[in-house]
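Trainee: Would you mind keeping the following structure in view while I ask a few things?
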Amino acid sequence: MIQRIRKGVIHAFWMVAAAAVIGAAVNLARPGGGIPFVGEWSPKTVTKIHAGDLEVIDLDEAFRLFEDGQALFIDARESGDYKNGHITGAVNIPVDKAEEHLEQIRAMLKTGKTLIAYCYDMDCPLGADLVKDFRRKGIKPVKVMPEGWVGWMDRGYPYE
Amino acid sequence: MNENGHALRELVRTKAVQTLVVIVRIALGAMFFYAGITKIAEPAGFALAVYNYHILPAPLVNVTAIILPWVEVIAGACLMLGLWIPGGALIVSGLLIVFTLALGFNLARGLDIACGCFSSSPAAEKITWWYLVRDSLLSISALLVLLGDQGRFSLGNYLVFRRKEKSEEE
């Protein structure tokens with residue numbers, strides 16, 4: 001038994017070594033050079049990945065619209081998180097329930113106000129996911145606020 | 001060797017247990033092979049999934065995303081074919097235990113993230129407690145292969161057998 005595990009460790013070492021060589025080679029050979037071996041990972045870069053080509057709105061701009069009564073917030077988190085606290089006046093549309101709320105979104109758009117989806121914080125993709133889902137269903141002009149609930153709270157902006 | 005250990009050895013050698021080990025070995029191998037391929041297809045997405053677990057330090061995220069899928073593919077292929085079975089089984093059980101811990105850790109702190117298990121898409125398969133049960137069961141079956149495999153129905157054994165035959169002919 002001990003010998004078997006010892007043999008396993010040696011084999012495993014070579015398999016991992018082979019994987020490292022092949023992985024690195026394949027990554028270099030990819031069109032565009034693959035991903036960098038050491039990536040820059042921070043909430044900011046992650047936000048960019050999540051949002052892609054979506055229209056992003058920052059906290060200050062969102063707050064200004066909020067004060068003017070021109071912002072309608074959409075909380076993309078689970079309903080439990082929403083119930084624990086959300087931006088004042090926000091409606092809750094969890095990402096997997098987008099389908100059921102399409103009419104509501106269309107009605108909200110008709111008010112002429114700016115629709116802003118958000119999630120927990122910059123690492124959380126749900127706000128962007130929701131906006132992407134709306135897009136696939138033909139609803140385009142919804143913005144995403146990457147700083148999310150945590151960013152809003154940190155500024156001491158109104159919540160309920 | 002005490003009585004119990006002896007009885008356990010006999011049990012592991014029975015045809016029923018060995019058949020089970022072979023089936024589990026091939027199924028686990030195929031699963032890892034498939035899981036690795038889906039990640040190789042989408043390296044940036046998988047790197048994001050790794051980052052989202054918030055376990056590895058940032059500089060190690062991309063290296064992991066580049067190498068880990070190939071470890072899965074190679075270990076999976078070895079288990080499927082029956083080559084270097086102890087090595088493949090050791091890697092697969094080790095990975096499954098790490099995955100289970102990472103899942104459990106993030107479920108416990110309530111992080112709502114993508115599993116990144118069979119797909120790199122952040123929208124698909126959010127982690128749930130069911131994944132924890134699944135990974136625990138898979139870990140146990142991988143350990144069964146690691147400890148119980150005797151090389152039945154494997155390419156490795158076939159090659160050894162052929163080599164023996166040849167040397168006897170000569």
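The way I read the labels, and the way they are meant: chains A, B, ... in the order of the structure tokens, residue 1 as the first residue of every chain, and ligand 1 as the first ligand shown, with later ones counted on from there.
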Set out as CSV a contact list for chain A and chain B with a cut-off of 7 Å, giving each residue of chain A that qualifies its closest atom pair and distance in Å to one decimal, counting only C-alpha atoms, ordered by chain and rising residue number.
Mentor:
```
residue,atom,partner,partner_atom,distance
A:Arg4,CA,B:Pro86,CA,6.7
A:Ile5,CA,B:Pro86,CA,6.7
A:Lys7,CA,B:Pro86,CA,6.9
A:Gly8,CA,B:Gly87,CA,3.8
A:Val9,CA,B:Gly87,CA,6.0
A:His11,CA,B:Gly87,CA,4.7
A:Ala12,CA,B:Gly87,CA,4.4
A:Met15,CA,B:Ile74,CA,6.7
A:Val16,CA,B:Val71,CA,5.7
A:Ala19,CA,B:Trp70,CA,4.9
A:Ala20,CA,B:Ile67,CA,5.2
A:Gly23,CA,B:Ile67,CA,5.0
A:Ala24,CA,B:Ile66,CA,6.7
A:Asn27,CA,B:Ile66,CA,6.9
A:Ile35,CA,B:Ala44,CA,6.6
A:Pro36,CA,B:Asn62,CA,6.9
A:Phe37,CA,B:Val63,CA,5.4
A:Val38,CA,B:Pro59,CA,5.2
A:Gly39,CA,B:Asn62,CA,5.8
A:Trp41,CA,B:Ala58,CA,5.6
A:Asp129,CA,B:Ala123,CA,6.8
```
Trainee: Check stretch 22-56 of chain A with DSSP on the backbone and list each residue it calls alpha helix (DSSP H), as a PyMOL selection string.
Mentor: chain A and resi 22-29+43-51
Trainee: Would you mind telling me which residue in B:Ile97, B:Met80, B:Leu8, B:Leu138 lies nearest to B:Val22 when using only C-alpha atoms?
Mentor: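 The shortest atom-to-atom distance to B:Val22 comes from B:Met80.
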Trainee: Given only C-alpha atoms as the basis, pick out the residue of A:Asp133, A:Glu40, A:Asp58, A:Asp68 nearest to A:Ile93.
Mentor: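 Closest to A:Ile93, using only C-alpha atoms: A:Asp133.
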Trainee: Quick check, in Å to one decimal: how far apart do atom CA of A:Glu160 and atom CA of A:Gly89 lie?
Mentor: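 It comes out at 7.8 Å.
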Trainee: Which one of B:Ala41, B:Ala35, B:Leu159, B:Val145 sits closest to B:Val12 if you count only C-alpha atoms?
Mentor: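 Comparing B:Ala41, B:Ala35, B:Leu159, B:Val145 against B:Val12, the winner is B:Val145.
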Trainee: According to DSSP computed on the backbone, where in stretch 34-108 of chain A is there strand (DSSP E)? Give the residues as a PyMOL selection string.
Mentor: chain A and resi 71-75+91-92
Trainee: Calculated over only C-alpha atoms, which of the candidates B:Gly116, B:Gly156, B:Gly104, B:Gly36 has the smallest distance to B:Val50?
Mentor: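 Checking each candidate against B:Val50, we get B:Gly116 as the closest.
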